[in-house]
>>> print(open('structure06.csv').read())   # CSV, C-alpha atoms
chain,number,residue,atom,x,y,z
J,1,ALA,CA,-1.7,-1.9,12.8
J,2,ARG,CA,-1.7,-5.6,13.6
J,3,ASP,CA,-1.6,-5.0,17.3
J,4,SER,CA,-4.3,-2.4,17.2
J,5,ALA,CA,-6.7,-4.7,15.3
J,6,SER,CA,-5.9,-7.6,17.7
J,7,ASN,CA,-6.7,-5.4,20.7
J,8,LYS,CA,-10.1,-4.5,19.3
J,9,VAL,CA,-11.1,-8.1,19.0
J,10,HIS,CA,-9.5,-9.7,22.0
J,11,ASN,CA,-9.7,-7.1,24.7
J,12,GLY,CA,-13.3,-7.9,25.8
J,13,GLY,CA,-14.4,-8.5,22.3
J,14,LYS,CA,-16.6,-5.4,22.4
J,15,GLN,CA,-15.3,-4.0,19.1
J,16,GLN,CA,-15.7,-5.6,15.7
J,17,LEU,CA,-13.4,-5.1,12.7
J,18,HIS,CA,-14.9,-3.6,9.6
J,19,ALA,CA,-16.1,-6.0,7.0
J,20,ASP,CA,-13.3,-4.9,4.6
J,21,HIS,CA,-10.6,-5.1,7.3
J,22,ALA,CA,-7.4,-6.7,6.1
J,23,HIS,CA,-6.3,-10.2,7.3
J,24,PHE,CA,-2.8,-8.8,7.8
J,25,VAL,CA,-0.6,-5.7,7.3
J,26,CYS,CA,3.1,-5.8,6.4
J,27,ALA,CA,5.9,-3.9,4.7
J,28,LEU,CA,7.1,-5.3,1.4
J,29,GLN,CA,10.1,-4.2,-0.7
J,30,PHE,CA,9.2,-1.6,-3.4
J,31,SER,CA,11.4,-3.5,-5.9
J,32,SER,CA,9.5,-6.8,-5.2
J,33,LEU,CA,6.1,-5.0,-5.8
J,34,GLN,CA,7.4,-3.6,-9.1
J,35,ALA,CA,8.5,-7.1,-10.1
J,36,LEU,CA,5.1,-8.5,-9.2
J,37,LEU,CA,3.4,-5.8,-11.3
J,38,SER,CA,5.5,-6.7,-14.4
J,39,ALA,CA,5.6,-10.5,-13.8
J,40,GLY,CA,3.5,-13.1,-15.5
J,41,LYS,CA,5.4,-13.4,-18.7
J,42,THR,CA,6.5,-16.9,-17.7
J,43,ARG,CA,5.2,-19.1,-14.9
J,44,ARG,CA,8.7,-19.7,-13.6
J,45,ARG,CA,9.4,-16.0,-13.2
J,46,ASP,CA,6.0,-15.3,-11.7
J,47,GLN,CA,6.6,-18.0,-9.0
J,48,ARG,CA,10.1,-16.6,-8.1
J,49,VAL,CA,8.5,-13.3,-7.4
J,50,ASN,CA,5.8,-15.0,-5.3
J,51,ILE,CA,8.3,-16.9,-3.3
J,52,ASP,CA,10.3,-13.7,-2.6
J,53,ILE,CA,7.1,-11.9,-1.4
J,54,LEU,CA,6.0,-14.9,0.7
J,55,ALA,CA,9.4,-14.9,2.4
J,56,GLN,CA,9.1,-11.2,3.2
J,57,MET,CA,5.6,-11.7,4.6
J,58,LYS,CA,6.8,-14.5,6.9
J,59,GLU,CA,9.8,-12.4,8.1
J,60,GLY,CA,7.3,-9.6,8.8
J,61,GLY,CA,5.3,-11.8,11.1
J,62,VAL,CA,2.4,-12.6,8.8
J,63,ASP,CA,0.7,-15.8,10.0
J,64,LEU,CA,0.5,-17.7,6.7
J,65,PRO,CA,-1.5,-20.9,6.3
J,66,THR,CA,0.6,-24.0,6.8
J,67,GLU,CA,-0.1,-25.2,3.3
J,68,THR,CA,1.2,-21.9,1.9
J,69,GLU,CA,4.5,-22.1,3.9
J,70,GLU,CA,5.0,-25.7,2.7
J,71,TYR,CA,4.4,-24.6,-0.9
J,72,ALA,CA,7.0,-21.9,-0.6
J,73,ALA,CA,9.6,-24.3,0.9
J,74,ALA,CA,8.9,-26.9,-1.8
J,75,SER,CA,9.1,-24.3,-4.5
J,76,GLU,CA,12.6,-23.2,-3.3
J,77,GLU,CA,13.7,-26.8,-3.6
J,78,SER,CA,12.0,-27.1,-7.0
J,79,THR,CA,9.8,-29.9,-5.9
J,80,SER,CA,6.5,-28.1,-5.9
J,81,THR,CA,3.9,-29.1,-8.6
J,82,THR,CA,1.3,-26.6,-7.4
J,83,SER,CA,1.2,-22.8,-7.6
J,84,ILE,CA,0.1,-19.9,-5.5
J,85,GLU,CA,-1.3,-16.7,-6.8
J,86,ILE,CA,-0.5,-13.3,-5.2
J,87,LYS,CA,-2.9,-10.9,-6.7
J,88,MET,CA,-2.4,-7.2,-6.6
J,89,GLY,CA,-5.4,-5.0,-6.0
J,90,HIS,CA,-6.4,-2.0,-8.0
J,91,HIS,CA,-5.3,0.7,-5.6
J,92,LEU,CA,-1.8,-0.8,-5.2
J,93,SER,CA,-1.3,-1.4,-8.9
J,94,SER,CA,-2.5,2.1,-9.8
J,95,LEU,CA,-0.1,3.7,-7.4
J,96,LEU,CA,2.8,1.6,-8.7
J,97,TRP,CA,2.2,2.8,-12.2
J,98,LEU,CA,2.4,6.4,-10.9
J,99,LEU,CA,5.6,5.9,-8.9
J,100,PRO,CA,8.3,4.3,-11.2
J,101,SER,CA,9.4,7.6,-12.7
J,102,GLU,CA,9.8,9.1,-9.2
J,103,SER,CA,11.4,6.1,-7.5
J,104,LYS,CA,15.0,6.8,-8.7
J,105,PRO,CA,17.3,8.4,-6.2
J,106,ASN,CA,17.8,12.1,-6.6
J,107,LYS,CA,20.9,13.4,-4.9
J,108,ASN,CA,19.6,17.0,-5.0
J,109,ASP,CA,16.4,16.1,-3.2
J,110,ASN,CA,16.9,16.4,0.6
J,111,ASN,CA,13.2,15.6,1.4
J,112,ASN,CA,12.0,12.2,2.3
J,113,HIS,CA,9.8,11.7,-0.7
J,114,PRO,CA,9.1,8.6,-2.9
J,115,GLN,CA,12.6,9.0,-4.5
J,116,GLN,CA,14.0,7.1,-1.5
J,117,LEU,CA,11.1,4.6,-1.3
J,118,LYS,CA,12.3,1.2,-0.3
J,119,TYR,CA,9.3,-0.4,1.4
J,120,MET,CA,5.5,0.0,1.2
J,121,MET,CA,2.9,-0.9,3.8
J,122,VAL,CA,0.3,-3.1,2.2
J,123,LEU,CA,-2.8,-4.9,3.3
J,124,GLY,CA,-3.3,-8.6,2.7
J,125,TYR,CA,-6.3,-10.9,2.3
J,126,ILE,CA,-5.8,-14.6,2.5
J,127,ASP,CA,-8.7,-16.0,0.4
J,128,SER,CA,-7.2,-19.6,0.4
J,129,PRO,CA,-3.8,-21.2,0.9
J,130,HIS,CA,-3.3,-20.7,-2.8
J,131,HIS,CA,-4.6,-17.2,-3.2
J,132,ILE,CA,-3.5,-14.0,-1.5
J,133,GLU,CA,-4.4,-10.5,-2.5
J,134,ILE,CA,-2.4,-7.4,-1.5
J,135,ASP,CA,-3.6,-3.9,-1.8
J,136,LEU,CA,-3.6,-0.4,-0.2
J,137,PRO,CA,-6.4,1.0,2.0
J,138,GLY,CA,-8.8,3.1,-0.1
J,139,GLY,CA,-12.3,3.5,-1.4
J,140,LYS,CA,-15.0,6.0,-2.3
J,141,ARG,CA,-15.8,9.1,-0.3
J,142,HIS,CA,-19.0,9.1,1.8
J,143,LEU,CA,-21.6,11.8,1.2
J,144,GLY,CA,-20.2,15.1,2.5
J,145,GLU,CA,-16.7,13.8,3.1
J,146,SER,CA,-13.6,15.5,1.8
J,147,THR,CA,-10.9,13.4,0.1
J,148,LEU,CA,-8.8,13.8,3.3
J,149,GLN,CA,-11.6,12.6,5.6
J,150,GLY,CA,-12.3,9.7,3.3
J,151,ALA,CA,-8.7,8.6,3.4
J,152,ILE,CA,-8.5,8.8,7.2
J,153,ARG,CA,-11.7,6.7,7.5
J,154,GLU,CA,-10.7,4.1,5.0
J,155,VAL,CA,-7.3,3.6,6.6
J,156,GLU,CA,-8.8,3.0,10.0
J,157,GLU,CA,-11.6,0.7,8.7
J,158,GLU,CA,-9.2,-1.5,6.7
J,159,CYS,CA,-6.1,-1.7,8.9
J,160,SER,CA,-7.0,-0.1,12.3
J,161,LEU,CA,-4.4,2.7,11.9
J,162,GLN,CA,-5.7,6.1,13.2
J,163,ILE,CA,-4.2,9.1,11.5
J,164,ASP,CA,-4.2,12.5,13.3
J,165,GLY,CA,-6.6,14.5,11.3
J,166,GLU,CA,-5.2,17.9,12.3
J,167,TRP,CA,-1.7,16.9,11.4
J,168,PHE,CA,-2.9,15.4,8.1
J,169,ALA,CA,-4.8,18.6,7.2
J,170,ARG,CA,-1.6,20.7,7.7
J,171,GLN,CA,0.2,18.5,5.1
J,172,VAL,CA,-2.5,18.5,2.4
J,173,SER,CA,-3.9,21.4,0.3
J,174,THR,CA,-7.4,22.7,0.5
J,175,LYS,CA,-8.2,21.0,-2.8
J,176,TYR,CA,-8.3,17.7,-0.9
J,177,GLY,CA,-9.8,19.1,2.4
J,178,GLY,CA,-6.5,20.2,4.1
J,179,ILE,CA,-5.2,23.6,4.9
J,180,ALA,CA,-1.7,23.6,3.4
J,181,THR,CA,-0.6,25.8,0.5
J,182,ALA,CA,-0.2,23.7,-2.5
J,183,ASN,CA,2.6,23.8,-5.0
J,184,ASN,CA,1.3,21.9,-8.0
J,185,SER,CA,4.1,20.4,-10.0
J,186,GLY,CA,4.5,17.0,-11.7
J,187,GLY,CA,1.0,15.8,-10.9
J,188,SER,CA,1.7,16.2,-7.1
J,189,ASP,CA,0.7,18.6,-4.4
J,190,VAL,CA,3.7,19.2,-2.1
J,191,ASP,CA,4.0,21.7,0.7
J,192,LYS,CA,6.7,24.3,-0.2
J,193,ASP,CA,8.3,23.7,3.2
J,194,GLY,CA,8.7,19.9,2.6
J,195,SER,CA,5.4,18.2,3.5
J,196,GLU,CA,5.5,14.7,4.9
J,197,ILE,CA,2.7,13.7,2.6
J,198,ARG,CA,2.7,13.8,-1.2
J,199,VAL,CA,-0.5,13.7,-3.2
J,200,LEU,CA,-0.2,11.8,-6.5
J,201,VAL,CA,-3.0,11.9,-9.1
J,202,PRO,CA,-3.5,9.8,-12.2
J,203,ARG,CA,-3.1,11.6,-15.5
J,204,LYS,CA,-6.1,13.0,-17.2
J,205,THR,CA,-8.0,10.7,-19.6
J,206,LYS,CA,-9.5,12.4,-22.6
J,207,GLY,CA,-9.1,15.7,-20.8
J,208,GLN,CA,-11.0,14.7,-17.7
J,209,GLU,CA,-9.6,14.0,-14.3
J,210,SER,CA,-10.2,10.5,-12.8
J,211,GLY,CA,-11.1,11.9,-9.4
J,212,ASP,CA,-8.6,9.6,-7.7
J,213,ALA,CA,-5.9,10.8,-5.4
J,214,PHE,CA,-3.1,8.8,-3.6
J,215,PHE,CA,-1.6,10.1,-0.4
J,216,VAL,CA,2.0,8.9,-0.1
J,217,MET,CA,3.2,9.2,3.5
J,218,SER,CA,6.9,9.1,4.1
J,219,PRO,CA,8.1,7.0,7.1
J,220,PRO,CA,9.4,8.9,10.1
J,221,PRO,CA,13.2,9.5,10.2
J,222,PHE,CA,15.2,7.2,12.3
>>> encode(input="structure06.csv", output="structure tokens")
Amino acid sequence: ARDSASNKVHNGGKQQLHADHAHFVCALQFSSLQALLSAGKTRRRDQRVNIDILAQMKEGGVDLPTETEEYAAASEESTSTTSIEIKMGHHLSSLLWLLPSESKPNKNDNNNHPQQLKYMMVLGYIDSPHHIEIDLPGGKRHLGESTLQGAIREVEEECSLQIDGEWFARQVSTKYGGIATANNSGGSDVDKDGSEIRVLVPRKTKGQESGDAFFVMSPPPF
């Protein structure tokens, strides 16, 4: 995703990134994201989580501002008197609330579903050396779009990744614009043959569906 975005800008400069395009894309540990979601009870605990995530960003090749890297180093040595805020966007926090009950390993599940989730690809926005926001690609559908089409467009606009629409459609039920046969169970739509994409939807509020849907794509096997 990073290289694709860079090529758009630097190879002749003829293509421009979307206004909502992320400043960076990286993989972060699922456990760290869960810790960030539940952090904030104490400043010390919150900063430990931030330092851990900053270290993962740096290891993943994210070009952090010099001031941010100096803060992280000083915090590890307990000499920092400032703080940095890593804010979690709505899409990411909403998905994390859906995933905890499904993130525990299941020895009877041979499919590569969220039970084995260790890392998540996130988008990042560096608003200042002391403020970073991380989130997932997402947004509202355009007029006439299916949920699937909207997801494909949002991913490309916000992180330059292009998803094969025909492949995507085979993994997702007709409810969301795909062609797969859905097996509705546990708030998810999963192909009976073991789809590579799982659709998670928030629980109903006052008997009404929120209209949101999260497509969780498993990483390819190695």
>>> closest_residue(input="structure06.csv", among="J:Gln29, J:Gln34, J:Asn50, J:Thr68", to="J:Ser93", atoms="all atoms listed in the file")
J:Gln34
>>> atom_distance(input="structure06.csv", atom1="atom CA of J:Asp135", atom2="atom CA of J:Val216")
14.1 Å
>>> residues_around(input="structure06.csv", residues="J:Val155", least_positions_apart="4", cutoff="7 Å", atoms="all atoms listed in the file", output="ChimeraX atom specification")
/J:137-138,151,159-161
>>> residues_near_point(input="structure06.csv", point="(-10.4, 7.6, 5.8)", cutoff="10 Å", atoms="only C-alpha atoms", output="PyMOL selection string")
chain J and resi 137-142+145-158+161-163+165
>>> closest_residue(input="structure06.csv", among="J:Leu136, J:Leu17, J:Leu96, J:Met217", to="J:Ser38", atoms="only C-alpha atoms")
J:Leu96
>>> closest_residue(input="structure06.csv", among="J:His131, J:Arg198, J:His23, J:Glu85", to="J:Val172", atoms="only C-alpha atoms")
J:Arg198
>>> atom_distance(input="structure06.csv", atom1="atom CA of J:Ala22", atom2="atom CA of J:Met121")
12.0 Å
>>> residues_near_point(input="structure06.csv", point="(9.6, -5.3, 0.0)", cutoff="8 Å", atoms="only C-alpha atoms", output="PyMOL selection string")
chain J and resi 27-33+53+56+118-120
